[in-house]
>>> print(open('my_file10.pdb').read())   # PDB, C-alpha atoms, pLDDT in the B column
MODEL        1
ATOM      1  CA  MET A  20      67.062 -16.249 -31.332  1.00 46.00           C
ATOM      2  CA  ILE A  21      64.342 -17.700 -33.506  1.00 46.00           C
ATOM      3  CA  ARG A  22      60.988 -18.029 -31.670  1.00 48.00           C
ATOM      4  CA  PRO A  23      58.842 -21.045 -32.604  1.00 47.00           C
ATOM      5  CA  PHE A  24      55.991 -20.048 -34.945  1.00 43.00           C
ATOM      6  CA  GLY A  25      53.232 -21.706 -32.903  1.00 46.00           C
ATOM      7  CA  VAL A  26      54.185 -19.920 -29.725  1.00 40.00           C
ATOM      8  CA  PHE A  27      54.247 -16.564 -31.572  1.00 37.00           C
ATOM      9  CA  LEU A  28      50.695 -17.031 -32.799  1.00 38.00           C
ATOM     10  CA  LEU A  29      49.549 -17.845 -29.318  1.00 38.00           C
ATOM     11  CA  CYS A  30      51.110 -14.714 -27.902  1.00 37.00           C
ATOM     12  CA  VAL A  31      49.603 -12.539 -30.633  1.00 38.00           C
ATOM     13  CA  GLY A  32      46.206 -14.033 -29.905  1.00 42.00           C
ATOM     14  CA  LEU A  33      46.523 -13.192 -26.260  1.00 39.00           C
ATOM     15  CA  VAL A  34      47.462  -9.614 -27.005  1.00 42.00           C
ATOM     16  CA  THR A  35      45.039  -8.766 -29.793  1.00 42.00           C
ATOM     17  CA  THR A  36      41.900 -10.605 -28.695  1.00 42.00           C
ATOM     18  CA  PRO A  37      39.772  -8.290 -26.493  1.00 44.00           C
ATOM     19  CA  ALA A  38      38.329  -9.711 -23.297  1.00 41.00           C
ATOM     20  CA  ILE A  39      34.541  -9.985 -23.294  1.00 41.00           C
ATOM     21  CA  ALA A  40      33.058  -8.679 -20.024  1.00 41.00           C
ATOM     22  CA  GLN A  41      30.227 -10.760 -18.586  1.00 45.00           C
ATOM     23  CA  GLU A  42      27.631  -8.460 -17.005  1.00 46.00           C
ATOM     24  CA  ALA A  43      26.007  -9.911 -13.914  1.00 44.00           C
ATOM     25  CA  LYS A  44      22.259  -9.851 -14.236  1.00 51.00           C
ATOM     26  CA  PRO A  45      20.430  -8.986 -11.014  1.00 45.00           C
ATOM     27  CA  SER A  46      18.239 -11.805  -9.763  1.00 44.00           C
ATOM     28  CA  ALA A  47      14.863 -10.139  -9.443  1.00 47.00           C
ATOM     29  CA  ARG A  48      12.149 -11.940  -7.486  1.00 46.00           C
ATOM     30  CA  PRO A  49       9.089 -12.267  -9.737  1.00 46.00           C
ATOM     31  CA  LYS A  50       6.121 -10.256  -8.559  1.00 53.00           C
ATOM     32  CA  THR A  51       2.963 -12.214  -9.115  1.00 68.00           C
ATOM     33  CA  GLY A  52       0.499  -9.639  -7.828  1.00 87.00           C
ATOM     34  CA  GLY A  53      -3.046 -10.084  -6.578  1.00 95.00           C
ATOM     35  CA  THR A  54      -4.907  -9.690  -3.293  1.00 97.00           C
ATOM     36  CA  MET A  55      -4.121 -11.803  -0.237  1.00 97.00           C
ATOM     37  CA  ILE A  56      -7.195 -12.377   1.959  1.00 98.00           C
ATOM     38  CA  VAL A  57      -7.291 -12.498   5.757  1.00 98.00           C
ATOM     39  CA  ASN A  58     -10.579 -13.461   7.420  1.00 98.00           C
ATOM     40  CA  PHE A  59     -10.607 -12.075  10.966  1.00 98.00           C
ATOM     41  CA  LEU A  60     -13.404 -13.301  13.241  1.00 97.00           C
ATOM     42  CA  GLY A  61     -13.286 -12.704  16.966  1.00 95.00           C
ATOM     43  CA  PRO A  62     -11.810 -10.363  19.564  1.00 95.00           C
ATOM     44  CA  VAL A  63      -8.816  -8.086  19.154  1.00 96.00           C
ATOM     45  CA  THR A  64      -5.995  -9.674  21.164  1.00 95.00           C
ATOM     46  CA  SER A  65      -2.223  -9.639  21.063  1.00 95.00           C
ATOM     47  CA  ALA A  66      -2.275 -13.033  19.351  1.00 95.00           C
ATOM     48  CA  SER A  67      -4.897 -12.186  16.740  1.00 96.00           C
ATOM     49  CA  MET A  68      -3.246  -8.897  15.779  1.00 97.00           C
ATOM     50  CA  ALA A  69       0.153 -10.608  15.552  1.00 97.00           C
ATOM     51  CA  GLU A  70      -1.361 -13.139  13.129  1.00 97.00           C
ATOM     52  CA  ILE A  71      -2.835 -10.388  10.947  1.00 98.00           C
ATOM     53  CA  VAL A  72       0.442  -8.458  10.938  1.00 98.00           C
ATOM     54  CA  ARG A  73       2.388 -11.584  10.017  1.00 97.00           C
ATOM     55  CA  ALA A  74      -0.010 -12.273   7.150  1.00 97.00           C
ATOM     56  CA  GLY A  75       0.611  -8.745   5.888  1.00 97.00           C
ATOM     57  CA  GLN A  76       4.374  -9.133   6.116  1.00 97.00           C
ATOM     58  CA  ASP A  77       4.148 -12.488   4.334  1.00 96.00           C
ATOM     59  CA  ALA A  78       2.058 -10.843   1.605  1.00 96.00           C
ATOM     60  CA  VAL A  79       4.923  -8.418   0.976  1.00 96.00           C
ATOM     61  CA  LEU A  80       7.521 -11.205   0.878  1.00 96.00           C
ATOM     62  CA  VAL A  81       5.671 -13.392  -1.607  1.00 94.00           C
ATOM     63  CA  GLY A  82       4.757 -10.552  -3.963  1.00 95.00           C
ATOM     64  CA  ALA A  83       1.073  -9.785  -3.364  1.00 96.00           C
ATOM     65  CA  ASP A  84      -0.165  -6.351  -4.431  1.00 95.00           C
ATOM     66  CA  GLU A  85      -2.455  -5.824  -1.451  1.00 97.00           C
ATOM     67  CA  LEU A  86      -3.801  -7.290   1.768  1.00 98.00           C
ATOM     68  CA  GLN A  87      -7.565  -7.510   2.293  1.00 98.00           C
ATOM     69  CA  ILE A  88      -8.806  -7.981   5.883  1.00 98.00           C
ATOM     70  CA  ASN A  89     -12.417  -9.152   6.217  1.00 98.00           C
ATOM     71  CA  ILE A  90     -13.524  -8.143   9.713  1.00 98.00           C
ATOM     72  CA  SER A  91     -16.157  -9.480  12.091  1.00 98.00           C
ATOM     73  CA  SER A  92     -15.083  -8.402  15.573  1.00 97.00           C
ATOM     74  CA  GLY A  93     -16.623  -6.757  18.612  1.00 95.00           C
ATOM     75  CA  GLY A  94     -13.245  -5.271  19.533  1.00 94.00           C
ATOM     76  CA  GLY A  95     -10.895  -5.982  22.387  1.00 93.00           C
ATOM     77  CA  ARG A  96      -7.462  -4.741  23.415  1.00 93.00           C
ATOM     78  CA  VAL A  97      -6.791  -1.183  22.237  1.00 92.00           C
ATOM     79  CA  TYR A  98      -3.008  -1.530  22.565  1.00 93.00           C
ATOM     80  CA  ALA A  99      -3.109  -4.605  20.305  1.00 96.00           C
ATOM     81  CA  ALA A 100      -5.152  -2.722  17.721  1.00 96.00           C
ATOM     82  CA  ARG A 101      -2.713   0.217  17.818  1.00 96.00           C
ATOM     83  CA  PHE A 102       0.173  -2.171  17.211  1.00 98.00           C
ATOM     84  CA  ALA A 103      -1.533  -3.786  14.221  1.00 98.00           C
ATOM     85  CA  VAL A 104      -2.637  -0.483  12.673  1.00 98.00           C
ATOM     86  CA  ASN A 105       0.838   1.013  12.931  1.00 97.00           C
ATOM     87  CA  VAL A 106       2.553  -2.042  11.452  1.00 98.00           C
ATOM     88  CA  LEU A 107       0.023  -2.414   8.631  1.00 98.00           C
ATOM     89  CA  ARG A 108       0.464   1.234   7.684  1.00 97.00           C
ATOM     90  CA  SER A 109       4.222   0.709   7.408  1.00 97.00           C
ATOM     91  CA  LEU A 110       3.891  -2.054   4.803  1.00 97.00           C
ATOM     92  CA  PRO A 111       4.763  -1.207   1.179  1.00 97.00           C
ATOM     93  CA  ILE A 112       1.491  -2.640  -0.133  1.00 97.00           C
ATOM     94  CA  LYS A 113      -2.104  -1.461  -0.102  1.00 97.00           C
ATOM     95  CA  VAL A 114      -4.248  -2.493   2.880  1.00 98.00           C
ATOM     96  CA  VAL A 115      -7.952  -3.075   2.204  1.00 98.00           C
ATOM     97  CA  THR A 116     -10.507  -3.589   4.981  1.00 98.00           C
ATOM     98  CA  VAL A 117     -14.057  -4.901   4.769  1.00 98.00           C
ATOM     99  CA  ALA A 118     -16.731  -4.727   7.476  1.00 98.00           C
ATOM    100  CA  MET A 119     -18.329  -8.117   6.933  1.00 98.00           C
ATOM    101  CA  SER A 120     -20.539  -8.179  10.025  1.00 97.00           C
ATOM    102  CA  ASP A 121     -20.420  -6.405  13.407  1.00 96.00           C
ATOM    103  CA  VAL A 122     -17.307  -4.256  13.842  1.00 98.00           C
ATOM    104  CA  GLY A 123     -16.954  -2.635  17.244  1.00 96.00           C
ATOM    105  CA  SER A 124     -14.680  -0.702  19.574  1.00 94.00           C
ATOM    106  CA  SER A 125     -10.971  -1.225  18.836  1.00 94.00           C
ATOM    107  CA  ALA A 126     -11.822  -3.265  15.721  1.00 97.00           C
ATOM    108  CA  VAL A 127     -13.183  -0.036  14.198  1.00 97.00           C
ATOM    109  CA  ALA A 128      -9.643   1.357  14.273  1.00 97.00           C
ATOM    110  CA  LEU A 129      -8.463  -1.721  12.373  1.00 98.00           C
ATOM    111  CA  PHE A 130     -11.215  -1.138   9.824  1.00 98.00           C
ATOM    112  CA  CYS A 131     -10.201   2.513   9.447  1.00 97.00           C
ATOM    113  CA  ALA A 132      -6.600   1.460   8.726  1.00 97.00           C
ATOM    114  CA  GLY A 133      -7.623   0.419   5.218  1.00 98.00           C
ATOM    115  CA  GLU A 134      -6.802   2.678   2.293  1.00 97.00           C
ATOM    116  CA  GLU A 135      -9.807   1.103   0.613  1.00 97.00           C
ATOM    117  CA  ARG A 136     -12.744   0.382   2.936  1.00 98.00           C
ATOM    118  CA  TYR A 137     -15.862  -1.601   2.118  1.00 98.00           C
ATOM    119  CA  VAL A 138     -19.016  -2.422   4.042  1.00 98.00           C
ATOM    120  CA  ALA A 139     -21.079  -5.539   3.372  1.00 98.00           C
ATOM    121  CA  PRO A 140     -24.886  -5.348   3.419  1.00 97.00           C
ATOM    122  CA  GLY A 141     -26.263  -5.700   6.935  1.00 97.00           C
ATOM    123  CA  SER A 142     -22.951  -4.859   8.614  1.00 98.00           C
ATOM    124  CA  SER A 143     -22.623  -2.312  11.394  1.00 98.00           C
ATOM    125  CA  ILE A 144     -20.092  -0.288  13.374  1.00 97.00           C
ATOM    126  CA  PHE A 145     -20.399  -0.059  17.144  1.00 96.00           C
ATOM    127  CA  LEU A 146     -18.772   2.863  18.979  1.00 95.00           C
ATOM    128  CA  HIS A 147     -18.603   3.276  22.722  1.00 89.00           C
ATOM    129  CA  GLN A 148     -16.497   5.019  25.314  1.00 80.00           C
ATOM    130  CA  LEU A 149     -13.103   3.359  25.541  1.00 72.00           C
ATOM    131  CA  THR A 150     -12.380   1.545  28.791  1.00 63.00           C
ATOM    132  CA  ARG A 151      -8.878   0.364  29.607  1.00 54.00           C
ATOM    133  CA  PHE A 152      -8.194   0.221  33.333  1.00 49.00           C
ATOM    134  CA  ALA A 153     -10.569  -1.627  35.631  1.00 47.00           C
ATOM    135  CA  GLU A 154      -8.758  -0.529  38.788  1.00 48.00           C
ATOM    136  CA  ARG A 155      -6.554   2.473  39.480  1.00 52.00           C
ATOM    137  CA  SER A 156      -4.245   2.806  42.439  1.00 56.00           C
ATOM    138  CA  VAL A 157      -3.515   6.329  43.643  1.00 57.00           C
ATOM    139  CA  LYS A 158       0.145   5.737  42.786  1.00 60.00           C
ATOM    140  CA  THR A 159      -0.447   5.117  39.099  1.00 70.00           C
ATOM    141  CA  ALA A 160      -3.730   6.937  38.441  1.00 70.00           C
ATOM    142  CA  ARG A 161      -2.146  10.059  36.961  1.00 74.00           C
ATOM    143  CA  ALA A 162       0.043   8.127  34.527  1.00 79.00           C
ATOM    144  CA  GLN A 163      -2.867   5.926  33.493  1.00 78.00           C
ATOM    145  CA  GLU A 164      -5.073   8.952  32.919  1.00 80.00           C
ATOM    146  CA  ARG A 165      -2.390  10.394  30.648  1.00 82.00           C
ATOM    147  CA  GLU A 166      -2.256   7.106  28.743  1.00 84.00           C
ATOM    148  CA  ASP A 167      -6.049   7.214  28.408  1.00 83.00           C
ATOM    149  CA  GLU A 168      -5.775  10.684  26.871  1.00 87.00           C
ATOM    150  CA  ILE A 169      -3.246   9.386  24.345  1.00 90.00           C
ATOM    151  CA  VAL A 170      -5.438   6.427  23.442  1.00 88.00           C
ATOM    152  CA  ARG A 171      -8.588   8.532  23.073  1.00 89.00           C
ATOM    153  CA  GLY A 172      -6.699  11.008  20.904  1.00 92.00           C
ATOM    154  CA  TRP A 173      -5.385   8.198  18.703  1.00 93.00           C
ATOM    155  CA  TYR A 174      -8.824   6.603  18.406  1.00 93.00           C
ATOM    156  CA  ASP A 175     -10.506   9.906  17.525  1.00 93.00           C
ATOM    157  CA  THR A 176      -7.820  10.542  14.907  1.00 94.00           C
ATOM    158  CA  MET A 177      -8.514   7.134  13.354  1.00 95.00           C
ATOM    159  CA  LEU A 178     -12.249   7.871  13.244  1.00 95.00           C
ATOM    160  CA  ALA A 179     -11.781  11.358  11.792  1.00 95.00           C
ATOM    161  CA  GLY A 180      -9.460  10.012   9.103  1.00 95.00           C
ATOM    162  CA  CYS A 181     -12.131   7.476   8.208  1.00 95.00           C
ATOM    163  CA  LEU A 182     -14.710  10.137   7.382  1.00 96.00           C
ATOM    164  CA  ALA A 183     -15.289  11.807   4.031  1.00 94.00           C
ATOM    165  CA  ASP A 184     -15.808  15.089   5.869  1.00 94.00           C
ATOM    166  CA  ARG A 185     -14.109  15.579   9.222  1.00 88.00           C
ATOM    167  CA  THR A 186     -16.920  17.828  10.370  1.00 89.00           C
ATOM    168  CA  SER A 187     -19.000  14.649  10.551  1.00 91.00           C
ATOM    169  CA  MET A 188     -17.174  13.942  13.815  1.00 93.00           C
ATOM    170  CA  ASP A 189     -19.833  16.160  15.376  1.00 92.00           C
ATOM    171  CA  GLU A 190     -22.316  13.429  14.551  1.00 93.00           C
ATOM    172  CA  ILE A 191     -20.385  10.485  15.926  1.00 94.00           C
ATOM    173  CA  GLU A 192     -18.370  11.943  18.822  1.00 90.00           C
ATOM    174  CA  VAL A 193     -21.353  11.298  21.089  1.00 91.00           C
ATOM    175  CA  TYR A 194     -19.887   7.781  21.406  1.00 90.00           C
ATOM    176  CA  ASN A 195     -17.960   9.208  24.373  1.00 86.00           C
ATOM    177  CA  GLU A 196     -21.256   9.700  26.207  1.00 88.00           C
ATOM    178  CA  ARG A 197     -23.460   6.902  24.918  1.00 90.00           C
ATOM    179  CA  ASP A 198     -23.175   3.807  22.765  1.00 93.00           C
ATOM    180  CA  LEU A 199     -23.577   4.473  19.052  1.00 95.00           C
ATOM    181  CA  ILE A 200     -24.387   2.010  16.270  1.00 96.00           C
ATOM    182  CA  LEU A 201     -23.931   2.895  12.595  1.00 97.00           C
ATOM    183  CA  ASP A 202     -25.595   0.685  10.010  1.00 97.00           C
ATOM    184  CA  ASP A 203     -24.243   0.040   6.524  1.00 97.00           C
ATOM    185  CA  ALA A 204     -26.155   3.023   5.119  1.00 97.00           C
ATOM    186  CA  ASP A 205     -24.640   5.328   7.780  1.00 97.00           C
ATOM    187  CA  ILE A 206     -21.165   3.943   7.102  1.00 97.00           C
ATOM    188  CA  LEU A 207     -21.489   4.697   3.388  1.00 97.00           C
ATOM    189  CA  ARG A 208     -23.075   8.115   3.966  1.00 96.00           C
ATOM    190  CA  LEU A 209     -20.282   9.208   6.305  1.00 96.00           C
ATOM    191  CA  GLY A 210     -17.609   7.949   3.911  1.00 96.00           C
ATOM    192  CA  MET A 211     -16.218   5.441   6.403  1.00 97.00           C
ATOM    193  CA  ALA A 212     -16.575   2.960   3.548  1.00 97.00           C
ATOM    194  CA  ASN A 213     -15.087   4.581   0.456  1.00 96.00           C
ATOM    195  CA  LYS A 214     -15.573   1.800  -2.113  1.00 96.00           C
ATOM    196  CA  ALA A 215     -18.606  -0.094  -3.396  1.00 97.00           C
ATOM    197  CA  TYR A 216     -18.869  -3.583  -1.923  1.00 97.00           C
ATOM    198  CA  SER A 217     -19.768  -5.068  -5.316  1.00 97.00           C
ATOM    199  CA  SER A 218     -16.384  -4.022  -6.732  1.00 97.00           C
ATOM    200  CA  LEU A 219     -14.637  -6.602  -4.532  1.00 97.00           C
ATOM    201  CA  ARG A 220     -15.511  -9.131  -7.223  1.00 96.00           C
ATOM    202  CA  ASP A 221     -13.040  -7.440  -9.563  1.00 95.00           C
ATOM    203  CA  LYS A 222     -10.025  -8.241  -7.392  1.00 95.00           C
ATOM    204  CA  ARG A 223      -7.592 -10.969  -8.442  1.00 95.00           C
ATOM    205  CA  LEU A 224      -6.958 -13.192  -5.429  1.00 94.00           C
ATOM    206  CA  PHE A 225      -3.482 -14.291  -4.364  1.00 93.00           C
ATOM    207  CA  GLY A 226      -3.073 -17.785  -2.908  1.00 91.00           C
ATOM    208  CA  ARG A 227      -5.180 -19.262  -0.144  1.00 91.00           C
ATOM    209  CA  ALA A 228      -6.962 -17.138   2.446  1.00 95.00           C
ATOM    210  CA  VAL A 229      -5.603 -16.865   5.996  1.00 95.00           C
ATOM    211  CA  ASN A 230      -8.173 -17.408   8.749  1.00 96.00           C
ATOM    212  CA  VAL A 231      -7.557 -15.614  12.051  1.00 96.00           C
ATOM    213  CA  VAL A 232     -10.042 -16.915  14.625  1.00 93.00           C
ATOM    214  CA  PRO A 233      -8.719 -16.010  18.097  1.00 78.00           C
ATOM    215  CA  GLY A 234     -10.483 -18.874  19.855  1.00 71.00           C
ATOM    216  CA  ASP A 235      -8.449 -21.278  17.737  1.00 57.00           C
ATOM    217  CA  LEU A 236      -5.065 -19.639  18.322  1.00 49.00           C
ATOM    218  CA  LYS A 237      -2.918 -21.692  20.642  1.00 47.00           C
ATOM    219  CA  ARG A 238      -0.972 -18.653  21.825  1.00 43.00           C
ATOM    220  CA  VAL A 239      -3.999 -16.837  23.232  1.00 37.00           C
ATOM    221  CA  MET A 240      -3.504 -16.557  27.000  1.00 39.00           C
ATOM    222  CA  PRO A 241      -5.988 -15.411  29.664  1.00 38.00           C
ATOM    223  CA  GLY A 242      -5.909 -11.647  29.984  1.00 40.00           C
ATOM    224  CA  ASP A 243      -4.426 -11.115  26.512  1.00 40.00           C
TER     225      ASP A 243
ENDMDL
END
>>> encode(input="my_file10.pdb", output="structure tokens")
Amino acid sequence: MIRPFGVFLLCVGLVTTPAIAQEAKPSARPKTGGTMIVNFLGPVTSASMAEIVRAGQDAVLVGADELQINISSGGGRVYAARFAVNVLRSLPIKVVTVAMSDVGSSAVALFCAGEERYVAPGSSIFLHQLTRFAERSVKTARAQEREDEIVRGWYDTMLAGCLADRTSMDEIEVYNERDLILDDADILRLGMANKAYSSLRDKRLFGRAVNVVPGDLKRVMPGD
């Protein structure tokens, strides 16, 4: 049987022409880099720490290189500070903290969470004995005392990790007996601030700053 010439050419073309594989290119999200700023002014509460943590998680999602938290806070809820510190330390970006004014109590732990720590002129750190339970029933006193031990151990660990020389804890551990205020010179001398404040000008900012002012947060509830 004689095969039509045109059909033969078509068949030869199908056999001899190699298939060209199309490699799928991965769709990489562009990383723009820069420093996202969070301005935190007010007490440490569940709501305020949740806002800071969310800002940090958003910074990761949108491609910022680091999160900078400018702090002016007298402290507040220790459990809320522990939550924020632990979440911030789990983020795959650098966390930078700046003491911009008074930083006290549980807010000091937030400050110490920064890999880079700065202190602005005229700022201070206020340390005092941690207080958590106003009333203790006999039924729960032992468990609450154990929780207090855990909290004090965590807080002391945060302070020690914030010092250039851990032996300097001998100088500041008196906060358990009396209130202690460190000025900006003390903070630099002890190594609690490990970067020069003036070098903040070298950072490339990412987007608009996030303001966390607890008094303005709608989700803040009494007793938070």
>>> closest_residue(input="my_file10.pdb", among="A:Ala139, A:Val115, A:Leu129, A:Leu110", to="A:Met68", atoms="all atoms listed in the file")
A:Leu129
>>> residues_around(input="my_file10.pdb", residues="stretch 55-62 of chain A", least_positions_apart="5", cutoff="7 Å", atoms="only C-alpha atoms", output="list in words")
Ala78, Ala83, Glu85, Leu86, Gln87, Ile88, Asn89, Ile90, Ser91, Ser92, Gly93, Gly94, Gly95, Leu224, Phe225, Gly226, Ala228, Val229, Asn230, Val231, Val232 and Pro233 of chain A
>>> closest_residue(input="my_file10.pdb", among="A:Pro140, A:Glu196, A:Ile191, A:Cys131", to="A:Arg108", atoms="only C-alpha atoms")
A:Cys131
>>> atom_distance(input="my_file10.pdb", atom1="atom CA of A:Ala212", atom2="atom CA of A:Asp189")
18.0 Å
>>> resolve_selection(input="my_file10.pdb", expression="the PyMOL selection byres ((chain A and resi 209) around 8)", output="tab-separated table (two decimals) with C-alpha atoms, in the frame of the given file")
chain	number	residue	atom	x	y	z
A	182	LEU	CA	-14.71	10.14	7.38
A	183	ALA	CA	-15.29	11.81	4.03
A	184	ASP	CA	-15.81	15.09	5.87
A	187	SER	CA	-19.00	14.65	10.55
A	205	ASP	CA	-24.64	5.33	7.78
A	206	ILE	CA	-21.16	3.94	7.10
A	207	LEU	CA	-21.49	4.70	3.39
A	208	ARG	CA	-23.08	8.12	3.97
A	210	GLY	CA	-17.61	7.95	3.91
A	211	MET	CA	-16.22	5.44	6.40
A	212	ALA	CA	-16.58	2.96	3.55
>>> atom_distance(input="my_file10.pdb", atom1="atom CA of A:Ala100", atom2="atom CA of A:Lys222")
26.2 Å
>>> resolve_selection(input="my_file10.pdb", expression="the PyMOL selection byres ((chain A and resi 165-172) around 9)", output="mmCIF file with C-alpha atoms, keeping the file's coordinate frame")
data_model
loop_
_atom_site.group_PDB
_atom_site.id
_atom_site.type_symbol
_atom_site.label_atom_id
_atom_site.label_comp_id
_atom_site.auth_asym_id
_atom_site.auth_seq_id
_atom_site.Cartn_x
_atom_site.Cartn_y
_atom_site.Cartn_z
ATOM 1 C CA VAL A 97 -6.791 -1.183 22.237
ATOM 2 C CA TYR A 98 -3.008 -1.530 22.565
ATOM 3 C CA ARG A 101 -2.713 0.217 17.818
ATOM 4 C CA GLN A 148 -16.497 5.019 25.314
ATOM 5 C CA LEU A 149 -13.103 3.359 25.541
ATOM 6 C CA THR A 150 -12.380 1.545 28.791
ATOM 7 C CA ARG A 151 -8.878 0.364 29.607
ATOM 8 C CA PHE A 152 -8.194 0.221 33.333
ATOM 9 C CA ALA A 160 -3.730 6.937 38.441
ATOM 10 C CA ARG A 161 -2.146 10.059 36.961
ATOM 11 C CA ALA A 162 0.043 8.127 34.527
ATOM 12 C CA GLN A 163 -2.867 5.926 33.493
ATOM 13 C CA GLU A 164 -5.073 8.952 32.919
ATOM 14 C CA TRP A 173 -5.385 8.198 18.703
ATOM 15 C CA TYR A 174 -8.824 6.603 18.406
ATOM 16 C CA ASP A 175 -10.506 9.906 17.525
ATOM 17 C CA THR A 176 -7.820 10.542 14.907
ATOM 18 C CA MET A 177 -8.514 7.134 13.354
#
>>> atom_distance(input="my_file10.pdb", atom1="atom CA of A:Leu107", atom2="atom CA of A:Ala132")
7.7 Å
>>> closest_residue(input="my_file10.pdb", among="A:Ile112, A:Ala103, A:Ser65, A:Asn195", to="A:Asp77", atoms="all atoms listed in the file")
A:Ile112
>>> closest_residue(input="my_file10.pdb", among="A:Thr159, A:Ser142, A:Ser125, A:Gln76", to="A:Pro111", atoms="all atoms listed in the file")
A:Gln76
